[in-house]
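Structure file upload.pdb with PDB, C-alpha atoms (C1' of nucleotides):
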ATOM      1  CA  MET A  30      25.391  25.294  -6.874
ATOM      2  CA  ARG A  31      22.881  27.809  -5.644
ATOM      3  CA  ILE A  32      19.485  27.732  -7.333
ATOM      4  CA  GLY A  33      17.265  30.732  -7.998
ATOM      5  CA  TYR A  34      14.785  32.516 -10.214
ATOM      6  CA  PRO A  35      14.546  35.956 -11.805
ATOM      7  CA  CYS A  36      13.148  39.172 -10.430
ATOM      8  CA  ILE A  37       9.644  38.520  -9.179
ATOM      9  CA  ASN A  38       7.900  36.164  -6.779
ATOM     10  CA  ARG A  39       4.369  35.097  -7.621
ATOM     11  CA  SER A  40       3.250  33.915  -4.213
ATOM     12  CA  ILE A  41       4.033  36.660  -1.720
ATOM     13  CA  GLY A  42       1.655  39.284  -3.050
ATOM     14  CA  CYS A  43       3.995  42.157  -3.867
ATOM     15  CA  SER A  44       6.104  43.212  -6.853
ATOM     16  CA  PRO A  45       9.597  44.726  -6.783
ATOM     17  CA  SER A  46       8.993  45.990 -10.353
ATOM     18  CA  ARG A  47       6.236  48.517  -9.768
ATOM     19  CA  THR A  48       6.438  51.456 -12.103
ATOM     20  CA  PHE A  49       4.273  54.209 -13.545
ATOM     21  CA  ARG A  50       3.820  56.114 -16.757
ATOM     22  CA  LEU A  51       6.420  58.686 -17.718
ATOM     23  CA  ALA A  52       3.613  61.229 -18.027
ATOM     24  CA  SER A  53       2.764  60.811 -14.354
ATOM     25  CA  TYR A  54       6.323  61.294 -13.081
ATOM     26  CA  SER A  55       6.829  63.207  -9.865
ATOM     27  CA  ASP A  56       9.571  62.961  -7.259
ATOM     28  CA  GLU A  57       6.982  61.799  -4.720
ATOM     29  CA  ARG A  58       5.723  59.100  -7.034
ATOM     30  CA  LEU A  59       9.258  57.907  -7.668
ATOM     31  CA  ARG A  60      10.159  57.914  -3.976
ATOM     32  CA  ASP A  61       7.015  55.999  -3.014
ATOM     33  CA  THR A  62       7.439  53.472  -5.820
ATOM     34  CA  VAL A  63      11.094  52.780  -5.027
ATOM     35  CA  ALA A  64      10.253  52.459  -1.327
ATOM     36  CA  ALA A  65       7.554  49.883  -2.164
ATOM     37  CA  ASN A  66       9.879  48.024  -4.563
ATOM     38  CA  LEU A  67      12.654  47.826  -1.979
ATOM     39  CA  ALA A  68      10.213  46.655   0.694
ATOM     40  CA  CYS A  69       9.112  43.899  -1.659
ATOM     41  CA  LEU A  70      12.702  42.942  -2.481
ATOM     42  CA  ASP A  71      13.254  42.633   1.269
ATOM     43  CA  ARG A  72      10.324  40.208   1.498
ATOM     44  CA  ILE A  73      11.558  38.208  -1.498
ATOM     45  CA  LEU A  74      15.002  37.843   0.076
ATOM     46  CA  ALA A  75      13.466  36.622   3.347
ATOM     47  CA  TYR A  76      11.246  34.175   1.451
ATOM     48  CA  ASN A  77      14.173  32.858  -0.571
ATOM     49  CA  ALA A  78      16.472  32.518   2.434
ATOM     50  CA  SER A  79      13.843  30.452   4.243
ATOM     51  CA  ARG A  80      13.562  28.080   1.287
ATOM     52  CA  GLY A  81      17.198  27.737   0.361
ATOM     53  CA  LEU A  82      16.873  29.714  -2.867
ATOM     54  CA  LEU A  83      20.194  31.526  -2.692
ATOM     55  CA  PHE A  84      20.500  32.838  -6.247
ATOM     56  CA  LEU A  85      18.381  35.851  -7.194
ATOM     57  CA  ARG A  86      18.233  38.162 -10.169
ATOM     58  CA  ILE A  87      17.248  41.651  -9.088
ATOM     59  CA  THR A  88      14.840  43.391 -11.446
ATOM     60  CA  SER A  89      16.059  46.290 -13.587
ATOM     61  CA  ASP A  90      12.800  48.049 -12.709
ATOM     62  CA  LEU A  91      13.700  48.510  -9.037
ATOM     63  CA  VAL A  92      14.161  52.237  -9.678
ATOM     64  CA  PRO A  93      11.856  53.316 -12.524
ATOM     65  CA  PHE A  94      13.340  55.955 -14.855
ATOM     66  CA  ALA A  95      16.649  55.725 -12.979
ATOM     67  CA  THR A  96      18.561  56.704 -16.107
ATOM     68  CA  HIS A  97      15.912  58.899 -17.691
ATOM     69  CA  PRO A  98      16.461  62.683 -17.691
ATOM     70  CA  VAL A  99      13.040  63.116 -16.056
ATOM     71  CA  CYS A 100      14.363  61.508 -12.876
ATOM     72  CA  THR A 101      15.456  64.345 -10.605
ATOM     73  CA  PHE A 102      14.981  62.646  -7.248
ATOM     74  CA  ALA A 103      18.226  61.826  -5.393
ATOM     75  CA  TRP A 104      17.218  58.203  -4.851
ATOM     76  CA  MET A 105      20.759  57.007  -4.167
ATOM     77  CA  GLU A 106      21.149  59.271  -1.160
ATOM     78  CA  HIS A 107      17.587  58.796   0.012
ATOM     79  CA  PHE A 108      17.747  54.991  -0.037
ATOM     80  CA  ALA A 109      21.455  54.483   0.750
ATOM     81  CA  GLU A 110      20.755  52.883   4.132
ATOM     82  CA  THR A 111      18.049  50.622   2.744
ATOM     83  CA  PHE A 112      20.312  49.357  -0.019
ATOM     84  CA  ALA A 113      23.116  48.758   2.497
ATOM     85  CA  ARG A 114      20.775  46.806   4.770
ATOM     86  CA  LEU A 115      19.476  44.639   1.913
ATOM     87  CA  GLY A 116      23.055  43.919   0.848
ATOM     88  CA  GLU A 117      24.006  42.955   4.379
ATOM     89  CA  PHE A 118      21.135  40.459   4.435
ATOM     90  CA  CYS A 119      22.381  38.991   1.139
ATOM     91  CA  ARG A 120      25.910  38.580   2.472
ATOM     92  CA  ASP A 121      24.792  37.141   5.824
ATOM     93  CA  ASN A 122      22.618  34.578   4.096
ATOM     94  CA  GLY A 123      25.080  33.461   1.438
ATOM     95  CA  PHE A 124      23.191  34.856  -1.547
ATOM     96  CA  ARG A 125      24.527  35.202  -5.074
ATOM     97  CA  ILE A 126      22.898  38.098  -6.910
ATOM     98  CA  SER A 127      22.740  39.077 -10.568
ATOM     99  CA  MET A 128      21.101  41.718 -12.717
ATOM    100  CA  HIS A 129      20.138  41.558 -16.396
ATOM    101  CA  PRO A 130      19.561  44.825 -18.285
ATOM    102  CA  ASP A 131      16.988  44.309 -20.999
ATOM    103  CA  GLN A 132      16.968  44.603 -24.730
ATOM    104  CA  PHE A 133      17.645  48.337 -24.869
ATOM    105  CA  VAL A 134      21.151  48.024 -23.468
ATOM    106  CA  LEU A 135      23.461  47.519 -26.444
ATOM    107  CA  LEU A 136      27.195  48.010 -26.230
ATOM    108  CA  ASN A 137      27.706  47.210 -29.914
ATOM    109  CA  THR A 138      25.214  49.682 -31.351
ATOM    110  CA  PRO A 139      26.558  51.955 -34.106
ATOM    111  CA  ASP A 140      24.458  54.803 -32.661
ATOM    112  CA  PRO A 141      26.431  56.879 -30.113
ATOM    113  CA  ASP A 142      23.255  58.047 -28.346
ATOM    114  CA  ILE A 143      22.045  54.504 -27.804
ATOM    115  CA  LEU A 144      25.527  53.601 -26.578
ATOM    116  CA  SER A 145      25.607  56.397 -24.021
ATOM    117  CA  ARG A 146      22.115  55.489 -22.765
ATOM    118  CA  SER A 147      23.239  51.867 -22.515
ATOM    119  CA  ILE A 148      26.295  52.807 -20.481
ATOM    120  CA  ALA A 149      24.110  54.954 -18.208
ATOM    121  CA  GLU A 150      21.924  51.905 -17.600
ATOM    122  CA  LEU A 151      24.965  49.788 -16.748
ATOM    123  CA  GLU A 152      26.118  52.516 -14.357
ATOM    124  CA  TYR A 153      22.718  52.477 -12.646
ATOM    125  CA  GLN A 154      22.673  48.708 -12.240
ATOM    126  CA  THR A 155      26.249  48.476 -10.989
ATOM    127  CA  ALA A 156      25.547  51.396  -8.622
ATOM    128  CA  VAL A 157      22.662  49.445  -7.060
ATOM    129  CA  LEU A 158      24.956  46.457  -6.473
ATOM    130  CA  ASP A 159      27.754  48.686  -5.172
ATOM    131  CA  MET A 160      25.376  50.416  -2.745
ATOM    132  CA  MET A 161      24.413  46.970  -1.479
ATOM    133  CA  GLY A 162      28.096  46.339  -0.821
ATOM    134  CA  LEU A 163      28.134  43.187  -2.949
ATOM    135  CA  ASP A 164      31.427  41.769  -4.182
ATOM    136  CA  ARG A 165      32.679  41.176  -7.728
ATOM    137  CA  ALA A 166      31.034  37.755  -7.906
ATOM    138  CA  VAL A 167      27.734  39.627  -8.288
ATOM    139  CA  LYS A 168      27.285  40.175 -12.006
ATOM    140  CA  VAL A 169      25.400  42.183 -14.600
ATOM    141  CA  GLN A 170      24.666  40.036 -17.646
ATOM    142  CA  ILE A 171      24.017  41.330 -21.146
ATOM    143  CA  HIS A 172      23.830  39.886 -24.620
ATOM    144  CA  ILE A 173      26.367  40.882 -27.265
ATOM    145  CA  GLY A 174      23.698  42.872 -29.108
ATOM    146  CA  GLY A 175      22.606  43.329 -32.709
ATOM    147  CA  VAL A 176      24.289  42.233 -35.923
ATOM    148  CA  TYR A 177      23.576  45.359 -37.975
ATOM    149  CA  GLY A 178      24.322  43.538 -41.212
ATOM    150  CA  ASP A 179      27.976  42.826 -40.356
ATOM    151  CA  LYS A 180      28.626  40.494 -37.462
ATOM    152  CA  ALA A 181      32.425  40.827 -37.415
ATOM    153  CA  ALA A 182      32.214  44.620 -37.330
ATOM    154  CA  SER A 183      29.522  44.468 -34.651
ATOM    155  CA  MET A 184      31.654  42.230 -32.453
ATOM    156  CA  GLU A 185      34.566  44.600 -32.971
ATOM    157  CA  ARG A 186      32.379  47.498 -31.816
ATOM    158  CA  PHE A 187      31.579  45.522 -28.669
ATOM    159  CA  VAL A 188      35.307  45.156 -27.984
ATOM    160  CA  GLU A 189      35.904  48.863 -28.471
ATOM    161  CA  ALA A 190      32.981  49.908 -26.280
ATOM    162  CA  TYR A 191      33.950  47.416 -23.575
ATOM    163  CA  ARG A 192      37.500  48.737 -23.394
ATOM    164  CA  ARG A 193      36.199  52.236 -22.651
ATOM    165  CA  LEU A 194      33.929  51.158 -19.774
ATOM    166  CA  SER A 195      34.694  52.169 -16.192
ATOM    167  CA  PRO A 196      36.354  49.584 -13.917
ATOM    168  CA  ALA A 197      33.159  49.503 -11.820
ATOM    169  CA  ILE A 198      31.209  48.179 -14.810
ATOM    170  CA  LYS A 199      33.970  45.932 -16.149
ATOM    171  CA  ASN A 200      34.230  44.211 -12.765
ATOM    172  CA  ARG A 201      30.612  43.112 -13.032
ATOM    173  CA  LEU A 202      29.845  42.727 -16.720
ATOM    174  CA  VAL A 203      29.456  39.256 -18.210
ATOM    175  CA  ILE A 204      28.098  38.184 -21.629
ATOM    176  CA  GLU A 205      25.441  35.616 -22.372
ATOM    177  CA  ASN A 206      24.674  33.662 -25.542
ATOM    178  CA  ASP A 207      21.289  34.394 -27.127
ATOM    179  CA  GLU A 208      19.037  32.183 -29.237
ATOM    180  CA  ARG A 209      19.071  34.077 -32.543
ATOM    181  CA  LEU A 210      22.272  36.032 -33.209
ATOM    182  CA  TYR A 211      25.237  35.303 -30.974
ATOM    183  CA  SER A 212      26.090  31.751 -29.896
ATOM    184  CA  VAL A 213      28.250  30.675 -26.987
ATOM    185  CA  ALA A 214      31.102  30.294 -29.520
ATOM    186  CA  ASP A 215      30.731  34.010 -30.304
ATOM    187  CA  CYS A 216      30.857  34.777 -26.577
ATOM    188  CA  PHE A 217      34.058  32.742 -26.252
ATOM    189  CA  ALA A 218      35.538  34.640 -29.201
ATOM    190  CA  LEU A 219      34.928  37.903 -27.328
ATOM    191  CA  ARG A 220      36.261  36.324 -24.171
ATOM    192  CA  GLU A 221      39.535  35.692 -26.033
ATOM    193  CA  ARG A 222      39.772  39.359 -26.930
ATOM    194  CA  ILE A 223      38.773  41.121 -23.714
ATOM    195  CA  GLY A 224      38.749  38.504 -20.957
ATOM    196  CA  ILE A 225      35.067  38.911 -20.074
ATOM    197  CA  PRO A 226      33.388  35.970 -18.279
ATOM    198  CA  VAL A 227      30.719  34.062 -20.205
ATOM    199  CA  ILE A 228      27.273  33.173 -18.828
ATOM    200  CA  PHE A 229      25.911  30.025 -20.425
ATOM    201  CA  ASP A 230      22.222  29.945 -21.277
ATOM    202  CA  ALA A 231      21.518  26.259 -21.814
ATOM    203  CA  PHE A 232      18.122  26.844 -23.447
ATOM    204  CA  HIS A 233      19.428  29.427 -25.903
ATOM    205  CA  HIS A 234      22.279  27.073 -26.710
ATOM    206  CA  ALA A 235      19.853  24.273 -27.522
ATOM    207  CA  ILE A 236      18.329  26.590 -30.159
ATOM    208  CA  LEU A 237      21.480  28.252 -31.546
ATOM    209  CA  ASN A 238      24.693  26.210 -31.567
ATOM    210  CA  HIS A 239      27.420  24.733 -33.731
ATOM    211  CA  GLY A 240      26.985  21.202 -32.459
ATOM    212  CA  GLU A 241      29.326  21.658 -29.504
ATOM    213  CA  PRO A 242      28.686  19.153 -26.701
ATOM    214  CA  VAL A 243      28.506  20.483 -23.132
ATOM    215  CA  GLN A 244      31.730  18.566 -22.438
ATOM    216  CA  GLU A 245      33.478  21.116 -24.639
ATOM    217  CA  ILE A 246      31.614  24.142 -23.360
ATOM    218  CA  PHE A 247      31.844  23.806 -19.592
ATOM    219  CA  PRO A 248      35.628  23.669 -19.232
ATOM    220  CA  ARG A 249      35.904  26.879 -21.295
ATOM    221  CA  LEU A 250      33.060  28.403 -19.322
ATOM    222  CA  LEU A 251      34.718  27.686 -15.984
ATOM    223  CA  ALA A 252      38.026  29.044 -17.264
ATOM    224  CA  SER A 253      36.374  32.331 -18.207
ATOM    225  CA  TRP A 254      35.477  33.070 -14.547
ATOM    226  CA  LYS A 255      38.524  34.064 -12.506
ATOM    227  CA  ARG A 256      38.562  33.727  -8.742
ATOM    228  CA  PRO A 257      37.052  37.149  -7.851
ATOM    229  CA  ASP A 258      34.250  36.482 -10.351
ATOM    230  CA  GLY A 259      33.031  33.465  -8.385
ATOM    231  CA  ILE A 260      31.815  30.255  -9.987
ATOM    232  CA  PRO A 261      29.995  30.561 -13.350
ATOM    233  CA  MET A 262      26.341  31.466 -13.608
ATOM    234  CA  VAL A 263      24.137  29.360 -15.875
ATOM    235  CA  ASP A 264      20.610  30.097 -17.092
ATOM    236  CA  TYR A 265      18.266  27.160 -17.570
ATOM    237  CA  SER A 266      14.840  26.910 -19.162
ATOM    238  CA  SER A 267      12.943  24.543 -21.408
ATOM    239  CA  GLN A 268      10.621  24.900 -24.382
ATOM    240  CA  GLU A 269       6.944  25.654 -23.702
ATOM    241  CA  PRO A 270       5.045  23.002 -25.706
ATOM    242  CA  GLY A 271       3.035  24.396 -28.602
ATOM    243  CA  LYS A 272       4.634  27.843 -28.506
ATOM    244  CA  ARG A 273       7.223  29.284 -30.882
ATOM    245  CA  THR A 274      10.784  28.002 -30.539
ATOM    246  CA  GLY A 275      12.461  29.839 -27.680
ATOM    247  CA  ALA A 276       9.314  30.443 -25.631
ATOM    248  CA  HIS A 277      10.159  29.768 -22.011
ATOM    249  CA  ALA A 278       8.186  27.029 -20.272
ATOM    250  CA  GLU A 279       5.338  27.961 -17.964
ATOM    251  CA  THR A 280       6.190  25.121 -15.607
ATOM    252  CA  MET A 281       9.218  22.994 -15.041
ATOM    253  CA  ASP A 282       9.822  19.957 -17.268
ATOM    254  CA  ARG A 283      11.104  17.677 -14.535
ATOM    255  CA  GLN A 284      12.641  15.102 -16.860
ATOM    256  CA  ASP A 285      14.450  17.746 -18.868
ATOM    257  CA  PHE A 286      15.744  19.356 -15.682
ATOM    258  CA  GLN A 287      16.996  16.084 -14.233
ATOM    259  CA  ALA A 288      18.734  15.315 -17.528
ATOM    260  CA  PHE A 289      20.359  18.747 -17.346
ATOM    261  CA  LEU A 290      21.550  18.136 -13.786
ATOM    262  CA  SER A 291      23.028  14.747 -14.576
ATOM    263  CA  GLY A 292      24.566  15.957 -17.840
ATOM    264  CA  THR A 293      26.445  18.734 -16.038
ATOM    265  CA  ARG A 294      27.332  16.950 -12.791
ATOM    266  CA  SER A 295      31.071  17.307 -13.388
ATOM    267  CA  TRP A 296      30.940  21.080 -13.071
ATOM    268  CA  ASP A 297      29.828  23.495 -10.385
ATOM    269  CA  PHE A 298      27.936  26.706 -11.123
ATOM    270  CA  ASP A 299      25.025  28.801  -9.839
ATOM    271  CA  LEU A 300      21.771  28.086 -11.627
ATOM    272  CA  MET A 301      19.062  30.568 -12.647
ATOM    273  CA  LEU A 302      15.753  28.961 -13.586
ATOM    274  CA  GLU A 303      14.002  31.042 -16.222
ATOM    275  CA  ILE A 304      10.659  29.299 -15.875
ATOM    276  CA  LYS A 305       7.589  31.477 -15.852
ATOM    277  CA  ASP A 306       6.152  30.201 -12.606
ATOM    278  CA  LYS A 307       9.289  31.505 -10.888
ATOM    279  CA  GLU A 308       9.686  30.406  -7.245
ATOM    280  CA  ARG A 309       7.406  27.411  -7.739
ATOM    281  CA  SER A 310       9.754  25.777 -10.240
ATOM    282  CA  ALA A 311      12.780  26.914  -8.275
ATOM    283  CA  GLU A 312      11.462  25.120  -5.191
ATOM    284  CA  GLN A 313      10.819  22.009  -7.289
ATOM    285  CA  ALA A 314      14.366  22.279  -8.589
ATOM    286  CA  ILE A 315      15.735  22.356  -5.057
ATOM    287  CA  ALA A 316      13.763  19.195  -4.291
ATOM    288  CA  LEU A 317      14.985  17.468  -7.475
ATOM    289  CA  ALA A 318      18.592  18.460  -6.769
ATOM    290  CA  ARG A 319      18.545  17.113  -3.190
ATOM    291  CA  GLY A 320      21.443  14.738  -2.879
ATOM    292  CA  ASP A 321      23.424  16.487  -5.607
ATOM    293  CA  PRO A 322      26.743  17.261  -3.907
ATOM    294  CA  ARG A 323      26.866  20.657  -5.587
ATOM    295  CA  LEU A 324      23.664  21.992  -4.036
ATOM    296  CA  ILE A 325      23.910  24.780  -1.445
ATOM    297  CA  THR A 326      20.765  25.958   0.340
ATOM    298  CA  ARG A 327      22.249  27.466   3.514
ATOM    299  CA  PRO A 328      25.148  29.833   4.036
ATOM    300  CA  GLU A 329      27.055  27.416   6.268
ATOM    301  CA  GLU A 330      27.221  24.942   3.387
ATOM    302  CA  LYS A 331      29.281  27.427   1.419
ATOM    303  CA  ARG A 332      32.398  25.917  -0.043
ATOM    304  CA  ARG A 333      35.589  26.628   1.807
ATOM    305  CA  SER A 334      37.357  27.531  -1.428
TER     306      SER A 334
ATOM    307  C1'  DG B  29     -14.026  45.731 -10.330
ATOM    308  C1'  DG B  30     -12.660  44.092 -14.708
ATOM    309  C1'  DC B  31     -10.864  44.499 -19.280
ATOM    310  C1'  DA B  32      -8.261  46.042 -23.182
ATOM    311  C1'  DG B  33      -4.919  49.013 -24.874
ATOM    312  C1'  DT B  34      -0.533  50.924 -23.923
ATOM    313  C1'  DC B  35       4.035  51.634 -22.060
ATOM    314  C1'  DA B  36      11.356  54.974 -21.912
ATOM    315  C1'  DA B  37      14.412  52.542 -24.152
ATOM    316  C1'  DG B  38      16.059  48.585 -29.866
ATOM    317  C1'  DT B  39      16.649  45.290 -33.614
ATOM    318  C1'  DA B  40      15.232  42.099 -37.147
ATOM    319  C1'  DC B  41      12.446  40.985 -40.692
ATOM    320  C1'  DG B  42       8.749  40.638 -44.025
ATOM    321  C1'  DC B  43       6.182  43.230 -47.206
TER     322       DC B  43
ATOM    323  C1'  DG C   8      10.421  52.773 -45.707
ATOM    324  C1'  DC C   9       6.892  50.971 -42.581
ATOM    325  C1'  DG C  10       4.592  48.051 -39.494
ATOM    326  C1'  DT C  11       4.986  44.235 -36.550
ATOM    327  C1'  DA C  12       7.067  40.652 -33.606
ATOM    328  C1'  DC C  13       9.816  39.871 -29.844
ATOM    329  C1'  DT C  14       8.624  39.618 -24.372
ATOM    330  C1'  DT C  15       6.149  40.894 -20.639
ATOM    331  C1'  DG C  16       4.492  42.782 -16.227
ATOM    332  C1'  DA C  17       2.192  46.555 -14.803
ATOM    333  C1'  DC C  18      -0.220  50.883 -15.467
ATOM    334  C1'  DT C  19      -4.198  53.542 -17.126
ATOM    335  C1'  DG C  20      -8.392  54.828 -19.005
ATOM    336  C1'  DC C  21     -12.833  53.280 -19.924
ATOM    337  C1'  DC C  22     -16.923  50.638 -19.174
TER     338       DC C  22
END
structure tokens encoding of this file:
Amino acid sequence: MRIGYPCINRSIGCSPSRTFRLASYSDERLRDTVAANLACLDRILAYNASRGLLFLRITSDLVPFATHPVCTFAWMEHFAETFARLGEFCRDNGFRISMHPDQFVLLNTPDPDILSRSIAELEYQTAVLDMMGLDRAVKVQIHIGGVYGDKAASMERFVEAYRRLSPAIKNRLVIENDERLYSVADCFALRERIGIPVIFDAFHHAILNHGEPVQEIFPRLLASWKRPDGIPMVDYSSQEPGKRTGAHAETMDRQDFQAFLSGTRSWDFDLMLEIKDKERSAEQAIALARGDPRLITRPEEKRRS
DNA sequence: GGCAGTCAAGTACGC
DNA sequence: GCGTACTTGACTGCC
């Protein structure tokens, strides 16, 4: 079990998600912004390596407008060496990496334009990971999408769109249960059809479920990740008190987290903490998980499997 | 320097 | 059919 947090670090004083308004696009602005974002990602990786936080979600905003027609700058060529160097650092330090396209990426949309923009976004994100030289265990996670008034038909559209994806995307794509529309049971149903690995979001599952205990879920989860996919990824969060159901906690609920750890101790997976204070909670999680035989905080502890 | 309004992209839902 | 919520950090214009 590697532990990590998504996208940004609140204590090192830089952001890997800097962007700018579409109206102020220029090649220079894009080049400078990407250079700053990559420099910050470099700092985040160094920070995480020094603290044993070996699971990191890379922000989708690393290259602003990467898939927008306005983007004419050849950023892949320009930054090829930088991406390769960052990837080398990840491999040397035993990192697991993921990416998570946001709400606009929908493989089951009935609109062909939205579908082609979604595929372009998946191509961009997988290209970043490929340029970093990261293996198939590095994943891009998406939700199943919208319901569009007919869930069965919408799941069927996902299957059809998935089958037409390039191998480069298929090798990395995994699906995650959400808290409103598609449960982990729905993800498993798609898994049966197309063999895609399932990411388990424990917090979403607590909100949307069919009463399945984790004892039923985890064996199916593990079975959905084949050897080149690595061990499963799991997202964890808890409810922010006083906010609407599904609002992620600002700070870690230590009791809830310890209950999660002990309730899942039979299974190994990499754990993404979706808590708003980011690295702070992740560092607390490392401390709370000390002594858990699953925990890995240094590359030499990597399992010999 | 600080604040409030706004931002590429989509869907669901209430009125 | 239309406006708003969702989620959310960062940019931008205005004071």
Each side padded by 3 Å, which centre and which edge lengths in Å (one decimal) define the axis-aligned box around the listed atoms of region 111-128 of chain A? Give them as lines of an AutoDock Vina configuration file.
center_x = 22.0
center_y = 42.0
center_z = -3.4
size_x = 13.9
size_y = 23.2
size_z = 24.5
Report as a PDB file with C-alpha atoms, keeping the file's coordinate frame the full result of the PyMOL selection byres ((chain A and resi 136) around 7) when it is applied to this structure.
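Result written to result.pdb:
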ATOM      1  CA  VAL A 134      21.151  48.024 -23.468  1.00  0.00           C
ATOM      2  CA  LEU A 135      23.461  47.519 -26.444  1.00  0.00           C
ATOM      3  CA  ASN A 137      27.706  47.210 -29.914  1.00  0.00           C
ATOM      4  CA  THR A 138      25.214  49.682 -31.351  1.00  0.00           C
ATOM      5  CA  LEU A 144      25.527  53.601 -26.578  1.00  0.00           C
ATOM      6  CA  SER A 147      23.239  51.867 -22.515  1.00  0.00           C
ATOM      7  CA  GLY A 174      23.698  42.872 -29.108  1.00  0.00           C
ATOM      8  CA  PHE A 187      31.579  45.522 -28.669  1.00  0.00           C
ATOM      9  CA  ALA A 190      32.981  49.908 -26.280  1.00  0.00           C
TER      10      ALA A 190
END
Given all atoms listed in the file, how would the per-residue table for chain A near chain C read, listing every residue at most 9 Å away with its closest atom pair and distance in Å to one decimal, sorted by chain and number, as a tab-separated table?
residue	atom	partner	partner_atom	distance
A:Ser46	CA	C:DG16	C1'	8.1
A:Arg47	CA	C:DA17	C1'	6.7
A:Thr48	CA	C:DA17	C1'	7.0
A:Phe49	CA	C:DC18	C1'	5.9
A:Arg50	CA	C:DC18	C1'	6.7
Residue list for chain A near chain B as a ChimeraX atom specification, 12 Å, only C-alpha atoms (C1' of nucleotides): /A:48-52,54,90,93-100,130-140,142-147,149-150,174-178,209-210
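Between CA of Thr88 (chain A) and CA of Ile228 (chain A) lies a distance of 17.7 Å.
Once Lys305 (chain A) and its same-chain neighbours fewer than 3 positions away are set aside, Tyr34, Pro35, Cys36, Ile37, Asn38, Arg39, Tyr265, Ser266, Ser267, Gln268, Glu269, Ala276, His277, Ala278, Glu279, Thr280, Met281, Asp282, Met301, Leu302, Glu308, Arg309, Ser310 and Ala311 of chain A; DT14, DT15 and DG16 of chain C remain within 12 Å of it when counting only C-alpha atoms (C1' of nucleotides).
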Residues matched by the PyMOL selection byres ((chain A and resi 165-172) around 6), written as a PyMOL selection string: chain A and resi 126-129+164+173-174+201-205+257-259
Restore N, CA, C and O atoms in region 90-101 of chain A and list the result as an mmCIF file, in the coordinates of the input.
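File selection_1.cif, as written:
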data_model
loop_
_atom_site.group_PDB
_atom_site.id
_atom_site.type_symbol
_atom_site.label_atom_id
_atom_site.label_comp_id
_atom_site.auth_asym_id
_atom_site.auth_seq_id
_atom_site.Cartn_x
_atom_site.Cartn_y
_atom_site.Cartn_z
ATOM 1 N N ASP A 90 13.853 47.052 -12.943
ATOM 2 C CA ASP A 90 12.800 48.049 -12.709
ATOM 3 C C ASP A 90 12.733 48.527 -11.267
ATOM 4 O O ASP A 90 11.795 49.232 -10.901
ATOM 5 N N LEU A 91 13.720 48.141 -10.452
ATOM 6 C CA LEU A 91 13.700 48.510 -9.037
ATOM 7 C C LEU A 91 13.542 50.025 -8.864
ATOM 8 O O LEU A 91 12.786 50.486 -8.011
ATOM 9 N N VAL A 92 14.262 50.765 -9.694
ATOM 10 C CA VAL A 92 14.161 52.237 -9.678
ATOM 11 C C VAL A 92 13.684 52.682 -11.058
ATOM 12 O O VAL A 92 14.476 52.792 -11.984
ATOM 13 N N PRO A 93 12.367 52.915 -11.215
ATOM 14 C CA PRO A 93 11.856 53.316 -12.524
ATOM 15 C C PRO A 93 12.493 54.629 -12.988
ATOM 16 O O PRO A 93 12.734 55.513 -12.170
ATOM 17 N N PHE A 94 12.791 54.719 -14.273
ATOM 18 C CA PHE A 94 13.340 55.955 -14.855
ATOM 19 C C PHE A 94 14.665 56.359 -14.243
ATOM 20 O O PHE A 94 15.050 57.527 -14.303
ATOM 21 N N ALA A 95 15.386 55.393 -13.660
ATOM 22 C CA ALA A 95 16.649 55.725 -12.979
ATOM 23 C C ALA A 95 17.608 56.461 -13.902
ATOM 24 O O ALA A 95 18.357 57.334 -13.456
ATOM 25 N N THR A 96 17.602 56.094 -15.190
ATOM 26 C CA THR A 96 18.561 56.704 -16.107
ATOM 27 C C THR A 96 17.880 57.655 -17.088
ATOM 28 O O THR A 96 18.481 58.076 -18.065
ATOM 29 N N HIS A 97 16.638 57.972 -16.811
ATOM 30 C CA HIS A 97 15.912 58.899 -17.691
ATOM 31 C C HIS A 97 16.101 60.332 -17.197
ATOM 32 O O HIS A 97 16.103 60.562 -15.984
ATOM 33 N N PRO A 98 16.246 61.285 -18.108
ATOM 34 C CA PRO A 98 16.461 62.683 -17.691
ATOM 35 C C PRO A 98 15.351 63.231 -16.788
ATOM 36 O O PRO A 98 15.590 64.156 -16.000
ATOM 37 N N VAL A 99 14.154 62.625 -16.864
ATOM 38 C CA VAL A 99 13.040 63.116 -16.056
ATOM 39 C C VAL A 99 13.279 62.865 -14.565
ATOM 40 O O VAL A 99 12.696 63.525 -13.709
ATOM 41 N N CYS A 100 14.164 61.925 -14.275
ATOM 42 C CA CYS A 100 14.363 61.508 -12.876
ATOM 43 C C CYS A 100 15.286 62.484 -12.152
ATOM 44 O O CYS A 100 16.498 62.479 -12.329
ATOM 45 N N THR A 101 14.694 63.311 -11.306
ATOM 46 C CA THR A 101 15.456 64.345 -10.605
ATOM 47 C C THR A 101 15.591 64.036 -9.114
ATOM 48 O O THR A 101 16.253 64.767 -8.389
#
